[in-house]
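Pasting query17.txt here (compact mmCIF, C-alpha atoms):
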# COMPACT_ATOMS: atom_id res chain seq x y z
CA MET A 1 122.28 72.69 73.10
CA ASN A 2 120.06 74.33 75.68
CA SER A 3 116.97 74.06 73.50
CA ASN A 4 117.71 70.35 72.93
CA ILE A 5 117.84 69.76 76.69
CA LYS A 6 114.62 71.72 77.16
CA GLN A 7 112.88 69.69 74.43
CA LEU A 8 114.12 66.45 76.00
CA LEU A 9 112.90 67.43 79.47
CA PHE A 10 109.56 68.53 78.05
CA ALA A 11 109.15 65.22 76.23
CA ILE A 12 110.02 63.27 79.40
CA CYS A 13 107.46 65.28 81.43
CA ILE A 14 104.73 64.73 78.82
CA GLY A 15 105.62 61.04 78.72
CA ILE A 16 105.39 60.64 82.49
CA ILE A 17 102.13 62.58 82.69
CA THR A 18 100.37 60.74 79.84
CA ASN A 19 101.65 57.34 80.99
CA THR A 20 100.52 57.77 84.58
CA TYR A 21 97.27 59.37 83.43
CA ALA A 22 96.55 56.30 81.25
CA GLN A 23 97.18 54.00 84.20
CA GLU A 24 94.70 55.95 86.33
CA GLU A 25 92.01 56.20 83.68
CA THR A 26 90.48 52.78 84.30
CA LYS A 27 90.29 53.48 88.01
CA ASN A 28 88.76 56.89 87.36
CA LEU A 29 86.03 55.40 85.22
CA GLU A 30 85.13 53.08 88.05
CA GLN A 31 85.14 55.79 90.67
CA GLY A 32 83.55 58.53 88.58
CA ASN A 33 84.46 62.21 88.80
CA ASP A 34 82.38 63.14 91.82
CA MET A 35 83.69 63.80 95.32
CA THR A 36 85.78 60.83 96.38
CA GLN A 37 87.45 59.66 99.54
CA ASP A 38 90.84 61.38 99.76
CA ASP A 39 93.48 58.71 100.10
CA HIS A 40 96.42 61.14 100.25
CA TYR A 41 98.30 62.19 103.35
CA ALA A 42 99.78 65.51 102.29
CA MET A 43 100.31 67.92 99.44
CA PHE A 44 103.28 69.98 98.30
CA LYS A 45 103.24 73.14 96.24
CA VAL A 46 106.29 74.48 94.43
CA GLY A 47 105.82 77.38 92.08
CA TYR A 48 106.31 80.86 90.78
CA TYR A 49 105.18 83.57 93.19
CA ASN A 50 104.30 87.04 91.97
CA PRO A 51 103.13 89.54 94.61
CA ILE A 52 101.54 92.82 93.53
CA ALA A 53 101.52 95.56 96.18
CA ILE A 54 98.24 97.37 96.78
CA GLY A 55 97.17 100.34 98.92
CA ASP A 56 98.91 103.44 100.22
CA ASN A 57 102.07 102.00 101.72
CA PHE A 58 105.82 101.88 101.04
CA ALA A 59 105.62 98.60 99.10
CA ASN A 60 103.19 100.07 96.58
CA GLY A 61 104.49 103.66 96.62
CA ALA A 62 108.23 103.10 96.41
CA LEU A 63 109.00 99.48 95.54
CA GLU A 64 108.50 97.47 92.37
CA GLN A 65 107.90 93.77 92.97
CA LYS A 66 109.60 91.13 90.84
CA GLY A 67 108.71 87.48 90.82
CA GLY A 68 109.89 84.88 93.29
CA VAL A 69 109.25 81.34 94.39
CA GLU A 70 107.05 79.66 96.96
CA PHE A 71 107.02 76.30 98.61
CA SER A 72 104.38 74.90 100.90
CA PHE A 73 103.49 71.65 102.56
CA LEU A 74 100.05 70.79 103.91
CA ALA A 75 99.18 67.51 105.63
CA ASN A 76 95.70 66.12 106.28
CA LEU A 77 94.66 66.52 109.89
CA PHE A 78 93.45 63.01 110.78
CA GLU A 79 90.43 62.05 108.65
CA THR A 80 89.05 65.60 108.47
CA PRO A 81 89.17 68.09 105.57
CA PHE A 82 91.43 70.26 107.72
CA LEU A 83 95.06 70.69 106.76
CA ILE A 84 98.13 71.79 108.67
CA GLY A 85 101.51 72.71 107.29
CA LEU A 86 104.26 75.20 106.54
CA GLN A 87 104.97 77.80 103.89
CA TYR A 88 108.07 79.57 102.61
CA ASN A 89 108.16 82.20 99.91
CA TYR A 90 110.68 84.60 98.48
CA PHE A 91 110.48 87.53 96.11
CA HIS A 92 112.55 90.52 95.02
CA SER A 93 111.65 94.23 95.02
CA ASP A 94 113.50 97.13 93.42
CA VAL A 95 113.34 100.56 95.05
CA THR A 96 111.80 103.02 92.58
CA ASN A 97 111.46 106.08 94.84
CA GLN A 98 114.27 106.58 97.36
CA GLN A 99 112.76 109.85 98.56
CA LEU A 100 109.92 107.86 100.15
CA VAL A 101 111.87 105.00 101.73
CA GLY A 102 115.52 106.02 102.09
CA THR A 103 118.54 105.44 99.91
CA TYR A 104 118.70 101.72 99.33
CA ASP A 105 118.47 99.88 96.05
CA ASP A 106 116.50 96.68 96.48
CA SER A 107 115.06 94.09 98.86
CA GLU A 108 115.09 90.32 99.03
CA ILE A 109 111.96 89.34 100.92
CA HIS A 110 111.82 85.97 102.68
CA SER A 111 108.78 84.71 104.59
CA PHE A 112 108.22 81.55 106.58
CA GLY A 113 105.39 80.34 108.77
CA PRO A 114 102.81 77.73 109.67
CA LEU A 115 99.54 77.28 107.78
CA LEU A 116 96.12 75.98 108.68
CA GLY A 117 93.95 74.94 105.77
CA TYR A 118 90.67 73.45 104.73
CA GLN A 119 90.04 71.24 101.73
CA LEU A 120 86.92 72.65 100.10
CA LEU A 121 86.59 70.26 97.20
CA PHE A 122 88.35 67.25 95.83
CA THR A 123 87.63 65.01 92.92
CA GLU A 124 90.10 62.87 91.06
CA THR A 125 91.12 65.82 88.90
CA TRP A 126 90.21 69.04 90.72
CA ARG A 127 90.97 70.26 94.19
CA ALA A 128 90.30 73.53 95.97
CA THR A 129 91.82 74.48 99.30
CA ILE A 130 91.95 77.57 101.43
CA ALA A 131 94.77 78.12 103.89
CA SER A 132 95.73 80.87 106.26
CA GLY A 133 98.70 81.48 108.49
CA VAL A 134 100.86 83.93 110.36
CA GLY A 135 104.60 83.95 109.80
CA ILE A 136 107.77 85.96 109.99
CA THR A 137 109.18 88.04 107.15
CA HIS A 138 112.62 89.51 106.59
CA TYR A 139 113.16 92.36 104.15
CA GLN A 140 116.89 92.06 103.40
CA ASN A 141 117.66 95.50 102.01
CA ARG A 142 120.78 96.38 100.04
CA ALA A 143 122.29 99.86 99.84
CA SER A 144 125.45 100.05 97.67
CA ASN A 145 127.93 98.28 99.98
CA GLU A 146 125.64 98.00 103.00
CA HIS A 147 122.94 95.56 104.04
CA PHE A 148 120.25 95.92 106.68
CA ASN A 149 117.08 94.07 107.61
CA ASP A 150 113.52 95.14 108.26
CA THR A 151 111.23 92.58 109.82
CA ALA A 152 107.50 91.97 109.78
CA THR A 153 104.79 89.62 110.94
CA THR A 154 102.91 88.30 107.93
CA LEU A 155 99.32 87.15 107.56
CA TRP A 156 98.40 85.01 104.55
CA VAL A 157 95.04 83.96 103.17
CA ILE A 158 95.64 81.55 100.31
CA PRO A 159 92.85 80.03 98.22
CA THR A 160 94.22 77.48 95.74
CA VAL A 161 92.74 75.57 92.83
CA SER A 162 94.63 72.61 91.38
CA TYR A 163 94.17 70.28 88.47
CA HIS A 164 95.67 66.81 88.66
CA PHE A 165 96.96 64.77 85.77
CA ASN A 166 97.20 61.68 87.94
CA LYS A 167 97.10 60.63 91.59
CA THR A 168 100.38 62.40 92.33
CA LEU A 169 101.07 65.25 90.00
CA GLY A 170 99.09 68.35 89.14
CA ILE A 171 99.32 72.06 88.58
CA TYR A 172 97.90 74.76 90.81
CA PHE A 173 96.88 78.38 90.61
CA SER A 174 96.49 80.65 93.58
CA GLY A 175 95.47 84.29 94.05
CA SER A 176 96.25 85.05 97.67
CA TYR A 177 96.11 88.01 100.02
CA ARG A 178 99.11 88.89 102.12
CA ARG A 179 99.67 91.58 104.74
CA ASP A 180 103.08 92.30 106.27
CA PHE A 181 102.75 94.08 109.63
CA MET A 182 106.08 95.93 109.69
CA ASN A 183 108.19 96.44 112.81
CA ILE A 184 109.64 99.72 111.45
CA GLN A 185 109.83 102.60 113.95
CA THR A 186 108.96 105.92 112.33
CA PRO A 187 107.87 109.42 113.34
CA GLU A 188 104.13 110.12 113.21
CA GLN A 189 104.21 111.49 109.64
CA LEU A 190 105.42 108.17 108.24
CA ASP A 191 103.51 105.87 110.55
CA SER A 192 100.69 104.77 108.21
CA PHE A 193 103.03 104.52 105.22
CA PHE A 194 105.38 102.05 106.94
CA LYS A 195 102.86 100.33 109.22
CA SER A 196 102.06 97.51 106.81
CA ALA A 197 102.53 96.29 103.25
CA ASN A 198 99.60 94.69 101.43
CA TYR A 199 99.89 92.36 98.47
CA ILE A 200 97.72 90.33 96.15
CA SER A 201 99.91 87.42 95.13
CA LEU A 202 99.46 85.26 92.06
CA SER A 203 101.09 81.83 92.06
CA LEU A 204 101.39 79.03 89.55
CA GLY A 205 103.26 75.77 89.88
CA LEU A 206 103.36 72.08 90.57
CA HIS A 207 101.02 70.40 93.04
CA ILE A 208 102.26 67.09 94.35
CA LEU A 209 100.11 64.71 96.39
CA ILE A 210 101.51 61.91 98.51
CA MET B 1 139.73 77.41 129.22
CA LYS B 2 142.08 80.02 127.72
CA LEU B 3 141.40 78.58 124.28
CA HIS B 4 137.65 78.89 124.86
CA LEU B 5 137.97 82.51 125.99
CA SER B 6 140.14 83.36 122.98
CA PHE B 7 137.62 81.74 120.66
CA LEU B 8 134.76 83.63 122.34
CA PHE B 9 136.64 86.92 122.02
CA PHE B 10 137.43 86.27 118.36
CA PHE B 11 133.82 85.24 117.64
CA SER B 12 132.48 88.41 119.35
CA LEU B 13 134.93 90.51 117.37
CA VAL B 14 133.76 88.94 114.09
CA LEU B 15 130.11 89.42 115.06
CA PHE B 16 130.67 93.04 116.06
CA SER B 17 132.63 93.86 112.92
CA CYS B 18 129.87 92.36 110.74
CA GLU B 19 127.14 94.49 112.28
CA PRO B 20 125.51 96.57 109.52
CA ALA B 21 126.15 100.32 109.60
CA ILE B 22 122.48 100.99 108.78
CA LYS B 23 119.87 100.24 111.42
CA GLY B 24 117.03 97.97 110.42
CA ASN B 25 113.45 98.70 111.41
CA GLU B 26 114.05 102.48 111.77
CA ARG B 27 113.31 105.42 109.53
CA SER B 28 113.45 109.14 110.14
CA PHE B 29 111.71 112.05 108.46
CA VAL B 30 113.60 115.13 107.27
CA GLU B 31 111.76 118.33 106.28
CA GLY B 32 112.42 122.03 105.83
CA THR B 33 112.41 125.01 103.49
CA VAL B 34 115.29 126.46 101.48
CA LEU B 35 115.36 130.23 100.92
CA ASP B 36 117.78 132.70 99.40
CA PHE B 37 119.23 135.68 101.30
CA GLU B 38 116.24 137.83 100.27
CA GLY B 39 113.75 135.28 101.64
CA ASN B 40 112.66 133.86 98.27
CA ALA B 41 112.04 130.13 97.90
CA ILE B 42 114.64 128.16 95.92
CA ALA B 43 113.33 125.25 93.85
CA ASN B 44 115.17 122.10 92.71
CA VAL B 45 117.81 122.17 95.43
CA SER B 46 119.10 118.74 96.44
CA VAL B 47 118.99 117.85 100.14
CA THR B 48 120.63 114.68 101.43
CA SER B 49 121.17 113.01 104.78
CA ARG B 50 124.27 111.02 105.57
CA THR B 51 126.56 109.77 108.25
CA GLN B 52 130.23 109.96 107.43
CA ASN B 53 130.19 109.00 103.73
CA LEU B 54 127.14 106.77 103.91
CA LEU B 55 124.13 108.26 102.09
CA LEU B 56 120.91 107.69 104.06
CA GLY B 57 118.23 109.76 102.36
CA LYS B 58 117.69 112.31 99.63
CA GLY B 59 115.11 114.78 98.43
CA THR B 60 114.65 117.93 96.32
CA THR B 61 112.92 121.22 97.06
CA ASP B 62 109.63 121.97 95.30
CA SER B 63 108.59 125.30 93.78
CA ASN B 64 107.91 126.67 97.30
CA GLY B 65 111.37 125.68 98.50
CA ASN B 66 109.94 122.90 100.68
CA PHE B 67 111.52 119.48 100.94
CA GLU B 68 110.68 116.30 102.81
CA PHE B 69 112.09 112.81 102.57
CA THR B 70 112.51 109.57 104.43
CA SER B 71 115.95 108.76 105.71
CA LEU B 72 117.55 105.57 106.91
CA GLN B 73 119.22 105.60 110.34
CA SER B 74 122.81 104.57 110.94
CA ARG B 75 124.44 103.07 114.03
CA PHE B 76 126.78 106.08 114.26
CA SER B 77 125.75 108.96 116.51
CA GLU B 78 126.27 111.59 113.82
CA PHE B 79 123.54 112.57 111.35
CA ILE B 80 124.33 115.22 108.72
CA VAL B 81 121.87 117.01 106.44
CA ASP B 82 123.56 118.53 103.38
CA VAL B 83 121.78 121.21 101.35
CA ASN B 84 122.90 121.91 97.78
CA THR B 85 126.12 119.90 97.98
CA GLU B 86 125.42 117.76 94.93
CA ASN B 87 125.37 120.48 92.25
CA ASP B 88 128.66 122.29 91.66
CA ASN B 89 127.02 124.47 88.98
CA SER B 90 124.38 125.84 91.34
CA PRO B 91 124.39 129.64 91.78
CA PHE B 92 123.99 129.08 95.54
CA GLY B 93 126.43 127.96 98.21
CA MET B 94 126.31 124.83 100.36
CA TYR B 95 124.84 124.36 103.81
CA SER B 96 125.28 121.45 106.22
CA ILE B 97 123.61 120.82 109.56
CA ILE B 98 125.28 118.30 111.83
CA TYR B 99 123.20 116.48 114.43
CA SER B 100 125.36 114.81 116.99
CA ASP B 101 122.67 113.98 119.54
CA ASN B 102 122.56 110.49 120.93
CA PRO B 103 120.13 108.75 120.69
CA LEU B 104 119.24 109.97 117.22
CA GLN B 105 115.91 111.60 116.54
CA LEU B 106 113.22 110.22 114.27
CA ASN B 107 112.01 113.62 113.11
CA TYR B 108 114.34 116.33 111.77
CA ASN B 109 112.50 119.60 111.14
CA LEU B 110 115.05 122.03 109.75
CA SER B 111 112.55 124.91 109.26
CA ASN B 112 114.17 127.67 107.13
CA ILE B 113 117.63 127.26 105.63
CA THR B 114 119.13 130.32 103.95
CA LEU B 115 121.54 129.83 101.07
CA ARG B 116 123.72 132.67 99.92
CA ARG B 117 124.51 133.24 96.25
CA LYS B 118 127.95 132.30 95.08
CA ALA B 119 130.20 134.78 93.29
CA SER B 120 133.40 133.97 91.48
CA LEU B 121 136.40 136.23 91.24
CA VAL B 122 138.71 135.87 88.27
CA PHE B 123 141.90 137.26 89.72
CA ASN B 124 145.06 138.18 87.78
CA ILE B 125 148.39 139.63 88.82
CA LYS B 126 150.66 140.67 85.97
CA LYS B 127 154.22 141.96 86.02
CA THR B 128 154.53 144.90 83.64
CA SER B 129 157.62 146.56 85.10
CA ASN B 130 161.12 145.63 83.92
CA GLU B 131 162.55 146.17 87.38
CA ASN B 132 163.59 143.39 89.74
CA ASN B 133 160.51 143.50 91.94
CA THR B 134 159.22 141.05 94.53
CA LEU B 135 155.50 141.07 95.35
CA ASP B 136 154.11 139.39 98.47
CA TRP B 137 150.34 139.22 98.31
CA SER B 138 147.34 137.66 100.02
CA LEU B 139 143.63 137.43 99.33
CA GLN B 140 140.96 137.12 102.03
CA TYR B 141 137.46 136.13 100.95
CA THR B 142 134.24 134.63 102.38
CA GLU B 143 133.90 130.89 101.78
CA PRO B 144 130.53 129.95 100.23
CA THR B 145 129.85 127.08 102.63
CA CYS B 146 128.21 126.81 106.03
CA GLU B 147 128.42 123.96 108.55
CA VAL B 148 126.40 124.33 111.75
CA TYR B 149 125.66 122.04 114.66
CA ASP B 150 122.13 121.47 115.83
CA ASP B 151 123.05 122.65 119.32
CA GLU B 152 124.93 125.93 118.89
CA GLU B 153 125.42 126.46 122.65
CA THR B 154 127.54 123.40 123.16
CA ASN B 155 129.16 123.12 119.75
CA GLU B 156 129.42 126.71 118.56
CA SER B 157 133.19 126.60 118.30
CA LEU B 158 132.97 123.58 116.01
CA GLY B 159 130.62 125.19 113.47
CA ARG B 160 132.07 126.76 110.31
CA CYS B 161 129.69 129.16 108.63
CA TYR B 162 130.76 131.48 105.79
CA GLU B 163 134.23 131.66 107.29
CA THR B 164 137.06 133.69 105.89
CA GLY B 165 139.31 131.83 103.51
CA SER B 166 142.69 133.08 102.41
CA PHE B 167 145.26 132.55 99.71
CA GLU B 168 148.74 134.01 99.49
CA GLY B 169 151.81 133.96 97.32
CA THR B 170 155.05 135.63 96.29
CA LEU B 171 155.85 136.76 92.78
CA ASP B 172 159.23 137.76 91.34
CA ASN B 173 161.21 137.60 88.10
CA THR B 174 161.27 133.80 88.03
CA ASN B 175 157.54 133.53 88.74
CA PRO B 176 156.13 136.89 87.64
CA ASP B 177 152.38 136.29 87.03
CA PHE B 178 149.43 134.71 88.82
CA GLU B 179 145.97 133.83 87.53
CA SER B 180 143.20 131.96 89.34
CA GLU B 181 139.46 131.90 90.04
CA PHE B 182 138.07 132.00 93.59
CA THR B 183 134.53 131.17 94.65
CA SER B 184 133.07 133.36 97.36
CA VAL B 185 129.72 134.87 98.36
CA GLN B 186 127.92 137.54 96.35
CA ASN B 187 127.70 141.04 97.91
CA THR B 188 130.74 140.44 100.08
CA THR B 189 134.16 142.05 99.88
CA VAL B 190 137.48 140.43 99.03
CA GLN B 191 140.51 141.99 100.68
CA PHE B 192 143.60 142.02 98.45
CA THR B 193 146.77 142.90 100.38
CA TYR B 194 150.14 143.32 98.68
CA GLN B 195 153.63 144.32 99.68
CA LEU B 196 156.06 145.43 96.99
CA ASN B 197 159.77 144.89 97.83
CA ASN B 198 159.04 144.75 101.59
CA THR B 199 157.49 148.23 101.63
CA GLU B 200 154.38 149.12 103.67
CA PRO B 201 151.50 146.65 102.93
CA GLN B 202 148.61 148.09 100.91
CA THR B 203 145.05 146.74 100.95
CA ILE B 204 142.46 146.93 98.17
CA SER B 205 138.80 146.00 98.68
CA ILE B 206 137.13 144.20 95.80
CA GLU B 207 133.32 144.18 95.91
CA LEU B 208 131.71 141.02 94.54
CA THR B 209 128.52 142.50 93.11
CA GLU B 210 128.09 140.11 90.15
CA ALA B 211 127.99 136.33 89.78
CA THR B 212 131.34 136.58 87.96
CA ASN B 213 133.77 139.37 88.84
CA PHE B 214 137.16 140.26 87.35
CA TYR B 215 140.14 141.96 88.93
CA GLU B 216 143.58 142.54 87.46
CA PHE B 217 146.57 143.95 89.30
CA GLU B 218 149.77 145.11 87.59
CA TYR B 219 153.11 145.75 89.20

Before we go any further, please render this structure as structure tokens.
Amino acid sequence: MNSNIKQLLFAICIGIITNTYAQEETKNLEQGNDMTQDDHYAMFKVGYYNPIAIGDNFANGALEQKGGVEFSFLANLFETPFLIGLQYNYFHSDVTNQQLVGTYDDSEIHSFGPLLGYQLLFTETWRATIASGVGITHYQNRASNEHFNDTATTLWVIPTVSYHFNKTLGIYFSGSYRRDFMNIQTPEQLDSFFKSANYISLSLGLHILI
Amino acid sequence: MKLHLSFLFFFSLVLFSCEPAIKGNERSFVEGTVLDFEGNAIANVSVTSRTQNLLLGKGTTDSNGNFEFTSLQSRFSEFIVDVNTENDNSPFGMYSIIYSDNPLQLNYNLSNITLRRKASLVFNIKKTSNENNTLDWSLQYTEPTCEVYDDEETNESLGRCYETGSFEGTLDNTNPDFESEFTSVQNTTVQFTYQLNNTEPQTISIELTEATNFYEFEY
């Protein structure tokens, strides 16, 4: 039953993509594949978000990152290649070494913040953007029957490449850098370990232009 | 107005009761060395930090007896470090240090903690006589646990370190024999006191020189 639904959804998606692509093809031939005037107002990204911790810090030394989701919205700033928008992402981490971080089991990590971007390249099919922003992050930690939160200020640098099937729908890939500046108070011995968490994040998902 | 105040009170109560027991954005560091009574390092001893029954951090001693670990901080003023409380089969006794300072510290350096070796006493009393005898007896031994406060001057009376434990009973024709095993501290003495048919009490000292010791008394 489930596989039938999946096959049906897949067929519908392929149908929509090929149909809309066919409608755009004539226009594309006229316009060519070179840089074109962007006639969109904004772009959405919804996708799978997979951060990988790097460096000597608690996120790399004692936590194991699982996948999550991300959502972002970027709007064109007037007629310029500059973009402005918002980003939200979420991922999960399991604690693998309680001796280094304390006795809790896992973390749900939510981040939200504004973005400023720049559109580096756009043709009818390919786009490349780079965005950066500073946001707030909550590490919602769970310890058996207890919950507690650590907070951080997060810096993102997010280069993204997307391929578009038609004027609206495409897929994107992003390999971004993220640094969480933690607000955790520690004694001197633990200061550098808990000061920040660094991640390289890989993302893949749908890119929607409006 | 009364309704508003009641609602505000109820809302505050709900908010307060939902406050997590563990503090966010705070970690502490616990370190020290575990030694035996002769000053030798003890490896693989578990050390934990807790408040009430809430586990906050845990670590294990290395081959030099050193341990260090990160601990969470709770909203309660008490912070307890337990040494060797997680392994009942350990040859060593337990040690707890209770920090009741407020505000809590971020760095807990316990320096040297001495654990004493446990010794068990398998203790039997058997009635061999056919006479109608009554035996009142008691056993006084050193308990293998130590609980100390970080500030001995102010809390000395509250600390319990290798205190004397006791056990007593009465045996007669209806309940003639007794058999049990007591855990105490090695190289200490157990005092066995008995009184047969309300005569003068007699005391026997039992030296606990081995990890497992046996003593049988017949009357």

Given the point (112.1, 103.9, 99.5) in the coordinates of this file, which residues lie within 10 Å, counting all atoms listed in the file, and how would they look as a PDB file with C-alpha atoms, keeping the file's coordinate frame?
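After the write, result_17.pdb holds the following:
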ATOM      1  CA  PHE A  58     105.820 101.880 101.040  1.00  0.00           C
ATOM      2  CA  ALA A  59     105.620  98.600  99.100  1.00  0.00           C
ATOM      3  CA  GLY A  61     104.490 103.660  96.620  1.00  0.00           C
ATOM      4  CA  ALA A  62     108.230 103.100  96.410  1.00  0.00           C
ATOM      5  CA  LEU A  63     109.000  99.480  95.540  1.00  0.00           C
ATOM      6  CA  ASP A  94     113.500  97.130  93.420  1.00  0.00           C
ATOM      7  CA  VAL A  95     113.340 100.560  95.050  1.00  0.00           C
ATOM      8  CA  THR A  96     111.800 103.020  92.580  1.00  0.00           C
ATOM      9  CA  ASN A  97     111.460 106.080  94.840  1.00  0.00           C
ATOM     10  CA  GLN A  98     114.270 106.580  97.360  1.00  0.00           C
ATOM     11  CA  GLN A  99     112.760 109.850  98.560  1.00  0.00           C
ATOM     12  CA  LEU A 100     109.920 107.860 100.150  1.00  0.00           C
ATOM     13  CA  VAL A 101     111.870 105.000 101.730  1.00  0.00           C
ATOM     14  CA  GLY A 102     115.520 106.020 102.090  1.00  0.00           C
ATOM     15  CA  THR A 103     118.540 105.440  99.910  1.00  0.00           C
ATOM     16  CA  TYR A 104     118.700 101.720  99.330  1.00  0.00           C
ATOM     17  CA  ASP A 105     118.470  99.880  96.050  1.00  0.00           C
ATOM     18  CA  ASP A 106     116.500  96.680  96.480  1.00  0.00           C
TER      19      ASP A 106
ATOM     20  CA  GLY B  57     118.230 109.760 102.360  1.00  0.00           C
ATOM     21  CA  PHE B  69     112.090 112.810 102.570  1.00  0.00           C
ATOM     22  CA  THR B  70     112.510 109.570 104.430  1.00  0.00           C
ATOM     23  CA  SER B  71     115.950 108.760 105.710  1.00  0.00           C
ATOM     24  CA  LEU B  72     117.550 105.570 106.910  1.00  0.00           C
TER      25      LEU B  72
END

Worksheet entry | Interface list for chain B, partner chain A, 12 Å threshold, only C-alpha atoms, as a PyMOL selection string | chain B and resi 18-31+46-50+53-61+67-75+105-109

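Among the candidate residues A:Phe173, A:Phe82, A:Tyr88, A:Tyr163, the one lying nearest to A:Gly117 is A:Phe82, with distances computed using all atoms listed in the file.
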
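Counting from atom CA of B:Glu131, the distance to atom CA of B:Asn173 is 8.7 Å.
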
Quiz prompt | Neighbour list for B:Asp150 as a ChimeraX atom specification, cut-off 7 Å, all atoms listed in the file, skip fewer than 2 positions in-chain | solution = /B:97-99,148,152

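Using all atoms listed in the file, the shortest contact distance between B:Val122 and any of B:Ser180, B:Thr33, B:Thr145, B:Thr85 is found at B:Ser180.
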